[in-house]
$ cat final.cif   # mmCIF, C-alpha atoms
data_final
#
loop_
_atom_site.group_PDB
_atom_site.id
_atom_site.type_symbol
_atom_site.label_atom_id
_atom_site.label_comp_id
_atom_site.auth_asym_id
_atom_site.auth_seq_id
_atom_site.Cartn_x
_atom_site.Cartn_y
_atom_site.Cartn_z
ATOM 1 C CA MET A 1 0.000 0.000 0.000
ATOM 2 C CA THR A 2 1.080 3.573 -0.682
ATOM 3 C CA LYS A 3 0.344 6.243 1.928
ATOM 4 C CA PHE A 4 -0.914 9.607 0.669
ATOM 5 C CA CYS A 5 -2.511 12.719 2.036
ATOM 6 C CA LEU A 6 -4.862 15.080 0.234
ATOM 7 C CA THR A 7 -4.954 18.776 1.107
ATOM 8 C CA VAL A 8 -7.903 20.918 0.026
ATOM 9 C CA THR A 9 -8.797 24.602 0.291
ATOM 10 C CA CYS A 10 -11.981 26.158 -1.094
ATOM 11 C CA GLN A 11 -15.033 28.207 -0.189
ATOM 12 C CA THR A 12 -17.177 26.370 2.334
ATOM 13 C CA GLN A 13 -20.232 24.668 0.864
ATOM 14 C CA ARG A 14 -22.387 21.631 1.329
ATOM 15 C CA GLY A 15 -21.129 18.231 0.191
ATOM 16 C CA ILE A 16 -17.346 18.670 0.185
ATOM 17 C CA VAL A 17 -16.523 15.999 2.758
ATOM 18 C CA ALA A 18 -18.976 13.541 1.229
ATOM 19 C CA ALA A 19 -17.527 14.072 -2.249
ATOM 20 C CA ILE A 20 -13.953 13.503 -1.036
ATOM 21 C CA ALA A 21 -14.833 10.412 1.004
ATOM 22 C CA THR A 22 -16.812 8.902 -1.864
ATOM 23 C CA PHE A 23 -14.009 9.608 -4.323
ATOM 24 C CA LEU A 24 -11.372 7.929 -2.153
ATOM 25 C CA ALA A 25 -13.578 4.890 -1.571
ATOM 26 C CA ASP A 26 -14.228 4.567 -5.305
ATOM 27 C CA GLN A 27 -10.468 4.701 -5.930
ATOM 28 C CA GLY A 28 -9.850 1.824 -3.539
ATOM 29 C CA CYS A 29 -8.444 4.013 -0.784
ATOM 30 C CA ASN A 30 -8.954 3.740 2.974
ATOM 31 C CA ILE A 31 -9.006 6.946 5.070
ATOM 32 C CA THR A 32 -6.762 6.659 8.134
ATOM 33 C CA ASP A 33 -6.965 10.232 9.459
ATOM 34 C CA SER A 34 -8.949 13.352 8.590
ATOM 35 C CA SER A 35 -9.063 16.958 9.791
ATOM 36 C CA GLN A 36 -11.199 19.849 8.569
ATOM 37 C CA TYR A 37 -11.952 23.437 9.510
ATOM 38 C CA ASP A 38 -14.521 26.010 8.395
ATOM 39 C CA ASP A 39 -13.461 29.619 8.951
ATOM 40 C CA MET A 40 -16.784 31.321 9.585
ATOM 41 C CA GLU A 41 -15.270 34.788 9.162
ATOM 42 C CA THR A 42 -13.737 34.239 5.723
ATOM 43 C CA GLY A 43 -15.935 31.418 4.461
ATOM 44 C CA GLN A 44 -12.844 29.321 3.701
ATOM 45 C CA PHE A 45 -12.824 25.543 4.117
ATOM 46 C CA PHE A 46 -9.633 23.566 4.841
ATOM 47 C CA MET A 47 -9.190 19.804 4.881
ATOM 48 C CA ARG A 48 -6.372 17.278 5.171
ATOM 49 C CA VAL A 49 -7.030 13.568 4.653
ATOM 50 C CA SER A 50 -4.502 10.746 5.129
ATOM 51 C CA PHE A 51 -5.265 7.507 3.326
ATOM 52 C CA ASP A 52 -3.840 4.219 2.073
ATOM 53 C CA SER A 53 -4.115 3.365 -1.608
ATOM 54 C CA GLN A 54 -5.119 -0.282 -1.266
ATOM 55 C CA LYS A 55 -5.599 -1.016 -4.972
ATOM 56 C CA GLY A 56 -2.441 0.574 -6.304
ATOM 57 C CA ALA A 57 -3.726 3.990 -7.435
ATOM 58 C CA ASP A 58 -0.693 6.212 -7.924
ATOM 59 C CA HIS A 59 -0.201 9.949 -7.514
ATOM 60 C CA ALA A 60 -0.823 10.877 -11.143
ATOM 61 C CA ALA A 61 -3.940 8.717 -11.420
ATOM 62 C CA LEU A 62 -5.448 10.150 -8.237
ATOM 63 C CA GLU A 63 -4.742 13.713 -9.336
ATOM 64 C CA ALA A 64 -6.273 13.200 -12.777
ATOM 65 C CA ALA A 65 -9.361 11.476 -11.410
ATOM 66 C CA PHE A 66 -9.932 14.141 -8.751
ATOM 67 C CA ALA A 67 -9.813 17.046 -11.213
ATOM 68 C CA SER A 68 -13.554 17.006 -11.939
ATOM 69 C CA ILE A 69 -14.435 17.163 -8.226
ATOM 70 C CA ALA A 70 -11.941 19.970 -7.676
ATOM 71 C CA GLU A 71 -13.469 21.908 -10.557
ATOM 72 C CA ALA A 72 -17.011 21.425 -9.225
ATOM 73 C CA PHE A 73 -16.073 22.883 -5.837
ATOM 74 C CA ASP A 74 -13.445 25.335 -7.174
ATOM 75 C CA MET A 75 -10.791 23.711 -4.963
ATOM 76 C CA THR A 76 -7.091 24.263 -4.594
ATOM 77 C CA PHE A 77 -5.810 20.763 -3.908
ATOM 78 C CA ALA A 78 -2.712 18.569 -3.831
ATOM 79 C CA PHE A 79 -1.949 14.891 -3.305
ATOM 80 C CA HIS A 80 1.235 14.172 -1.326
ATOM 81 C CA ASP A 81 3.161 10.912 -1.033
ATOM 82 C CA GLU A 82 3.636 10.538 2.727
ATOM 83 C CA THR A 83 6.627 8.239 2.282
ATOM 84 C CA ARG A 84 8.593 10.932 0.459
ATOM 85 C CA LYS A 85 10.848 13.271 2.431
ATOM 86 C CA MET A 86 10.667 17.001 1.721
ATOM 87 C CA LYS A 87 13.901 18.612 0.499
ATOM 88 C CA VAL A 88 15.068 21.433 2.776
ATOM 89 C CA VAL A 89 17.839 24.044 2.716
ATOM 90 C CA ILE A 90 18.897 25.337 6.144
ATOM 91 C CA MET A 91 20.407 28.799 6.530
ATOM 92 C CA VAL A 92 22.371 29.707 9.657
ATOM 93 C CA SER A 93 24.752 32.383 10.912
ATOM 94 C CA ARG A 94 26.631 32.083 14.224
ATOM 95 C CA PHE A 95 24.005 30.685 16.615
ATOM 96 C CA GLY A 96 24.033 26.935 16.023
ATOM 97 C CA HIS A 97 21.496 25.546 18.499
ATOM 98 C CA CYS A 98 18.642 25.223 15.989
ATOM 99 C CA LEU A 99 20.925 23.796 13.296
ATOM 100 C CA ASN A 100 22.356 21.149 15.606
ATOM 101 C CA ASP A 101 18.906 20.223 16.885
ATOM 102 C CA LEU A 102 17.588 19.798 13.333
ATOM 103 C CA LEU A 103 20.589 17.714 12.282
ATOM 104 C CA TYR A 104 19.924 15.335 15.165
ATOM 105 C CA ARG A 105 16.169 15.101 14.541
ATOM 106 C CA VAL A 106 16.720 14.374 10.869
ATOM 107 C CA ARG A 107 19.388 11.784 11.678
ATOM 108 C CA ILE A 108 17.002 9.756 13.872
ATOM 109 C CA GLY A 109 14.082 10.163 11.476
ATOM 110 C CA ALA A 110 12.020 12.424 13.735
ATOM 111 C CA LEU A 111 11.584 14.967 10.924
ATOM 112 C CA PRO A 112 10.378 13.766 7.495
ATOM 113 C CA VAL A 113 12.827 15.951 5.579
ATOM 114 C CA GLU A 114 16.069 15.626 3.664
ATOM 115 C CA ILE A 115 18.549 18.433 4.305
ATOM 116 C CA VAL A 116 20.012 18.964 0.843
ATOM 117 C CA ALA A 117 22.264 21.906 1.759
ATOM 118 C CA VAL A 118 23.260 24.265 4.548
ATOM 119 C CA ILE A 119 24.029 27.880 3.671
ATOM 120 C CA SER A 120 25.807 30.270 5.994
ATOM 121 C CA ASN A 121 27.360 33.699 5.820
ATOM 122 C CA HIS A 122 30.119 32.411 8.143
ATOM 123 C CA MET A 123 32.342 29.318 8.300
ATOM 124 C CA ASP A 124 31.556 28.368 11.910
ATOM 125 C CA TYR A 125 29.482 25.261 11.151
ATOM 126 C CA GLN A 126 31.192 23.933 8.055
ATOM 127 C CA LYS A 127 32.770 20.968 9.873
ATOM 128 C CA VAL A 128 29.622 19.832 11.678
ATOM 129 C CA VAL A 129 27.601 20.057 8.452
ATOM 130 C CA VAL A 130 30.143 18.214 6.306
ATOM 131 C CA ASN A 131 30.478 15.542 9.015
ATOM 132 C CA ASN A 132 26.761 14.899 8.499
ATOM 133 C CA ASP A 133 27.402 14.344 4.763
ATOM 134 C CA ILE A 134 25.516 17.508 3.810
ATOM 135 C CA PRO A 135 26.851 20.089 1.329
ATOM 136 C CA PHE A 136 27.917 23.349 2.996
ATOM 137 C CA HIS A 137 27.888 26.687 1.167
ATOM 138 C CA CYS A 138 29.461 29.805 2.649
ATOM 139 C CA ILE A 139 27.875 32.808 0.956
ATOM 140 C CA ARG A 140 29.149 36.039 2.456
ATOM 141 C CA VAL A 141 26.670 38.903 2.626
ATOM 142 C CA THR A 142 27.563 42.593 2.774
ATOM 143 C CA LYS A 143 25.580 45.732 2.097
ATOM 144 C CA ASP A 144 27.344 45.948 -1.267
ATOM 145 C CA ASN A 145 26.835 42.394 -2.541
ATOM 146 C CA LYS A 146 23.370 41.514 -1.249
ATOM 147 C CA PRO A 147 21.756 40.991 -4.698
ATOM 148 C CA GLU A 148 24.628 38.767 -5.823
ATOM 149 C CA ALA A 149 24.540 36.825 -2.533
ATOM 150 C CA GLU A 150 20.798 36.193 -2.806
ATOM 151 C CA ALA A 151 21.219 35.084 -6.417
ATOM 152 C CA ALA A 152 23.822 32.560 -5.215
ATOM 153 C CA ILE A 153 21.451 31.380 -2.478
ATOM 154 C CA MET A 154 18.647 30.882 -4.991
ATOM 155 C CA ARG A 155 20.974 28.907 -7.259
ATOM 156 C CA VAL A 156 21.577 26.470 -4.401
ATOM 157 C CA VAL A 157 17.836 26.233 -3.753
ATOM 158 C CA GLU A 158 17.053 25.614 -7.413
ATOM 159 C CA ASP A 159 19.959 23.217 -8.043
ATOM 160 C CA THR A 160 18.959 21.066 -5.061
ATOM 161 C CA GLU A 161 15.237 21.297 -5.914
ATOM 162 C CA ALA A 162 14.597 22.365 -2.334
ATOM 163 C CA GLU A 163 10.952 22.826 -1.398
ATOM 164 C CA LEU A 164 11.561 24.706 1.851
ATOM 165 C CA ILE A 165 14.109 27.150 3.262
ATOM 166 C CA VAL A 166 14.591 27.156 7.037
ATOM 167 C CA LEU A 167 16.161 30.201 8.665
ATOM 168 C CA ALA A 168 17.767 28.564 11.702
ATOM 169 C CA ARG A 169 18.905 31.847 13.279
ATOM 170 C CA TYR A 170 20.140 33.276 9.980
ATOM 171 C CA MET A 171 20.947 36.871 10.861
ATOM 172 C CA GLN A 172 20.384 38.551 7.517
ATOM 173 C CA ILE A 173 17.215 40.199 6.215
ATOM 174 C CA LEU A 174 15.979 38.696 2.961
ATOM 175 C CA SER A 175 14.898 40.976 0.142
ATOM 176 C CA ASP A 176 11.249 41.573 -0.700
ATOM 177 C CA GLU A 177 11.849 39.865 -4.047
ATOM 178 C CA MET A 178 13.111 36.655 -2.439
ATOM 179 C CA CYS A 179 10.302 36.650 0.127
ATOM 180 C CA THR A 180 7.721 37.006 -2.630
ATOM 181 C CA LYS A 181 9.300 34.354 -4.847
ATOM 182 C CA MET A 182 9.455 31.848 -1.978
ATOM 183 C CA SER A 183 6.124 32.806 -0.391
ATOM 184 C CA GLY A 184 4.940 30.062 1.956
ATOM 185 C CA ARG A 185 8.261 28.239 1.558
ATOM 186 C CA ILE A 186 10.533 30.031 4.065
ATOM 187 C CA ILE A 187 10.212 29.392 7.802
ATOM 188 C CA ASN A 188 11.899 31.582 10.407
ATOM 189 C CA ILE A 189 12.402 31.397 14.180
ATOM 190 C CA HIS A 190 12.745 34.272 16.621
ATOM 191 C CA HIS A 191 12.143 35.120 20.245
ATOM 192 C CA SER A 192 8.564 35.855 21.256
ATOM 193 C CA PHE A 193 9.291 39.246 22.814
ATOM 194 C CA LEU A 194 8.438 41.158 19.640
ATOM 195 C CA PRO A 195 7.365 43.889 19.515
ATOM 196 C CA SER A 196 8.307 44.544 23.147
ATOM 197 C CA PHE A 197 12.051 44.034 22.877
ATOM 198 C CA LYS A 198 13.373 44.796 19.429
ATOM 199 C CA GLY A 199 16.967 45.121 18.339
ATOM 200 C CA ALA A 200 20.073 43.696 19.951
ATOM 201 C CA ASN A 201 20.115 41.432 23.020
ATOM 202 C CA PRO A 202 16.358 40.910 23.487
ATOM 203 C CA TYR A 203 16.920 38.468 26.362
ATOM 204 C CA LYS A 204 18.964 41.054 28.267
ATOM 205 C CA GLN A 205 16.219 43.605 27.652
ATOM 206 C CA ALA A 206 13.640 41.132 28.955
ATOM 207 C CA TYR A 207 15.760 40.377 31.992
ATOM 208 C CA ALA A 208 16.033 44.084 32.774
ATOM 209 C CA ARG A 209 12.221 44.357 32.669
ATOM 210 C CA GLY A 210 11.677 41.317 34.882
ATOM 211 C CA VAL A 211 9.495 39.321 32.501
ATOM 212 C CA LYS A 212 7.986 36.053 33.749
ATOM 213 C CA LEU A 213 7.584 34.252 30.422
ATOM 214 C CA ILE A 214 10.015 33.900 27.558
ATOM 215 C CA GLY A 215 9.417 31.954 24.387
ATOM 216 C CA ALA A 216 9.750 31.627 20.650
ATOM 217 C CA THR A 217 7.688 32.040 17.496
ATOM 218 C CA SER A 218 8.106 30.266 14.177
ATOM 219 C CA HIS A 219 6.437 31.814 11.157
ATOM 220 C CA TYR A 220 6.475 32.052 7.391
ATOM 221 C CA VAL A 221 8.701 34.813 6.068
ATOM 222 C CA THR A 222 7.112 37.728 4.252
ATOM 223 C CA ALA A 223 8.323 41.130 3.135
ATOM 224 C CA ASP A 224 7.033 42.517 6.463
ATOM 225 C CA LEU A 225 9.883 41.708 8.829
ATOM 226 C CA ASP A 226 8.913 39.194 11.552
ATOM 227 C CA GLU A 227 5.209 39.621 10.796
ATOM 228 C CA GLY A 228 4.498 36.575 8.619
ATOM 229 C CA PRO A 229 1.761 34.021 9.405
ATOM 230 C CA ILE A 230 2.563 32.205 12.659
ATOM 231 C CA ILE A 231 2.952 28.418 12.560
ATOM 232 C CA GLU A 232 4.073 27.500 16.083
ATOM 233 C CA GLN A 233 4.776 29.158 19.435
ATOM 234 C CA ASP A 234 5.745 28.121 22.945
ATOM 235 C CA VAL A 235 6.866 29.665 26.219
ATOM 236 C CA VAL A 236 8.829 28.741 29.320
ATOM 237 C CA ARG A 237 8.161 30.266 32.726
ATOM 238 C CA ILE A 238 11.021 31.949 34.562
ATOM 239 C CA THR A 239 11.376 33.784 37.873
ATOM 240 C CA HIS A 240 13.384 36.581 39.433
ATOM 241 C CA ALA A 241 16.034 33.977 40.325
ATOM 242 C CA GLN A 242 17.143 33.428 36.722
ATOM 243 C CA SER A 243 20.042 35.450 35.336
ATOM 244 C CA ALA A 244 20.242 37.082 31.929
ATOM 245 C CA GLU A 245 22.429 34.145 30.858
ATOM 246 C CA ASP A 246 19.701 31.738 32.009
ATOM 247 C CA PHE A 247 17.252 33.599 29.804
ATOM 248 C CA VAL A 248 19.499 32.998 26.805
ATOM 249 C CA SER A 249 19.866 29.271 27.568
ATOM 250 C CA LEU A 250 16.166 28.728 28.153
ATOM 251 C CA GLY A 251 15.356 30.760 25.068
ATOM 252 C CA ARG A 252 17.758 28.651 23.017
ATOM 253 C CA ASP A 253 15.938 25.461 24.038
ATOM 254 C CA VAL A 254 12.449 26.737 23.275
ATOM 255 C CA GLU A 255 13.569 28.209 19.942
ATOM 256 C CA SER A 256 14.918 24.819 18.859
ATOM 257 C CA ALA A 257 11.747 22.972 19.836
ATOM 258 C CA VAL A 258 9.382 25.490 18.262
ATOM 259 C CA LEU A 259 11.288 25.573 14.964
ATOM 260 C CA ALA A 260 11.341 21.773 14.781
ATOM 261 C CA ARG A 261 7.586 21.588 15.398
ATOM 262 C CA ALA A 262 6.910 24.172 12.708
ATOM 263 C CA ILE A 263 9.006 22.253 10.178
ATOM 264 C CA HIS A 264 7.298 19.010 11.181
ATOM 265 C CA ALA A 265 3.870 20.527 10.554
ATOM 266 C CA HIS A 266 4.909 22.003 7.201
ATOM 267 C CA ALA A 267 6.616 18.822 6.000
ATOM 268 C CA HIS A 268 3.514 16.799 6.859
ATOM 269 C CA HIS A 269 1.355 19.279 4.915
ATOM 270 C CA ARG A 270 -0.584 20.193 8.037
ATOM 271 C CA VAL A 271 -0.239 23.982 7.626
ATOM 272 C CA PHE A 272 -2.663 26.017 5.517
ATOM 273 C CA LEU A 273 -2.274 29.717 4.848
ATOM 274 C CA ASN A 274 -5.415 31.608 5.821
ATOM 275 C CA GLY A 275 -4.784 35.269 5.026
ATOM 276 C CA ASN A 276 -2.404 36.623 7.656
ATOM 277 C CA LYS A 277 -2.938 33.523 9.798
ATOM 278 C CA THR A 278 -2.523 29.780 9.461
ATOM 279 C CA VAL A 279 -4.639 26.723 10.064
ATOM 280 C CA VAL A 280 -2.463 23.984 11.582
ATOM 281 C CA PHE A 281 -4.031 20.543 11.888
ATOM 282 C CA PRO A 282 -2.803 18.006 14.483
ATOM 283 C CA ALA A 283 -0.393 15.268 13.453
ATOM 284 C CA SER A 284 -1.745 11.966 12.192
ATOM 285 C CA PRO A 285 -1.246 8.849 14.351
ATOM 286 C CA GLY A 286 2.406 7.858 14.103
ATOM 287 C CA GLY A 287 3.385 11.283 12.813
ATOM 288 C CA TYR A 288 5.922 11.824 15.608
ATOM 289 C CA SER A 289 7.521 8.387 15.552
ATOM 290 C CA SER A 290 11.256 8.144 14.881
ATOM 291 C CA GLU A 291 13.047 5.566 12.776
ATOM 292 C CA ARG A 292 15.573 5.053 15.557
ATOM 293 C CA MET A 293 16.525 6.479 18.924
ATOM 294 C CA GLY A 294 20.023 7.955 19.089
#
$ encode --input "final.cif" --output "structure tokens"
Amino acid sequence: MTKFCLTVTCQTQRGIVAAIATFLADQGCNITDSSQYDDMETGQFFMRVSFDSQKGADHAALEAAFASIAEAFDMTFAFHDETRKMKVVIMVSRFGHCLNDLLYRVRIGALPVEIVAVISNHMDYQKVVVNNDIPFHCIRVTKDNKPEAEAAIMRVVEDTEAELIVLARYMQILSDEMCTKMSGRIINIHHSFLPSFKGANPYKQAYARGVKLIGATSHYVTADLDEGPIIEQDVVRITHAQSAEDFVSLGRDVESAVLARAIHAHAHHRVFLNGNKTVVFPASPGGYSSERMG
């Protein structure tokens, strides 16, 4: 059996779920998990269905057969092979906690992605990346060469056929052109203090103000800096007893976890753009299992 998922977005209307379920049954498919959401404010309908193709229907056949249903409901849809790993390019600067966390999760099979390249504007993590048998590209960025640097980055993305770019604490602002071209395909991570503590050393700023919660936000990148649709967030509680250095360490841990969860949701096709927001469905049974431990 081949495992697929179907993702659907359209205007809400009667009969969508019935049409999809009937179609899959007629194609010899068995539904193993299903999530749906009607946004009453926008009138948008979102659905994700996991299923087994028990009679050998392949991706192309399913897509061709579903076209008439999609046209009837004016759907945006896609079939995804759940056994296939998404190709990802990671970009990093000099903070390596998210990169190292992702390398480990991918190594044990906890993330259904293939890291096809790591790009950095520094050489700090070349050895760790190469030791994981992943191509490393150092692309320096200055105020004078930014267009050329971004063109080099996009060549790596296109040559590797990457479907997603992950900014794992990459400390350069991407151009509006790149954000538009890769809309919905770049995920970033940052501290959750925005807009309260902007600029340098946000954790020190938070410490000086005596905050009681610190956290992280992972979102899609848009031309509006740090304001793209949010995919995942989390917080950790702290007290007056923690130092500014503790804030940094705790923040590092929550950033790594939040970024990994956002990538997991995207790679499993559980995230749907809904204007300036997202709809994120829960993982299917077995979605968090790892191929091996350690």
$ residues_around --input "final.cif" --residues "stretch 73-83 of chain A" --least-positions-apart "3" --cutoff "8 Å" --atoms "all atoms listed in the file" --output "PyMOL selection string"
chain A and resi 2-11+16+59+62-63+69-70+268
$ resolve_selection --input "final.cif" --expression "the PyMOL selection byres ((chain A and resi 121) around 12)" --output "ChimeraX atom specification"
/A:90-95,118-120,122-126,136-142,146,149-150,152-153,169-172
$ residues_near_point --input "final.cif" --point "(7.8, 25.7, 14.9)" --cutoff "10 Å" --atoms "only C-alpha atoms" --output "ChimeraX atom specification"
/A:187-189,216-220,230-234,254-266
$ atom_distance --input "final.cif" --atom1 "atom CA of A:Leu250" --atom2 "atom CA of A:Leu213"
10.5 Å
$ resolve_selection --input "final.cif" --expression "the PyMOL selection byres ((chain A and resi 161) around 12)" --output "number ranges by chain"
A: 86-89, 114-117, 154-160, 162-165
$ axis_aligned_box --input "final.cif" --around "stretch 145-160 of chain A" --padding-each-side "5 Å" --output "JSON"
{"center_x": 21.9, "center_y": 31.7, "center_z": -4.6, "size_x": 19.8, "size_y": 31.3, "size_z": 16.8}
$ atom_distance --input "final.cif" --atom1 "atom CA of A:Thr239" --atom2 "atom CA of A:Cys98"
24.6 Å
$ resolve_selection --input "final.cif" --expression "the PyMOL selection byres ((chain A and resi 106) around 12)" --output "number ranges by chain"
A: 85-88, 99-105, 107-116, 132, 134, 260, 263-264, 289-294
$ residues_around --input "final.cif" --residues "A:Ala206" --least-positions-apart "3" --cutoff "12 Å" --atoms "all atoms listed in the file" --output "PyMOL selection string"
chain A and resi 191-203+209-215+238-240+242-248+251
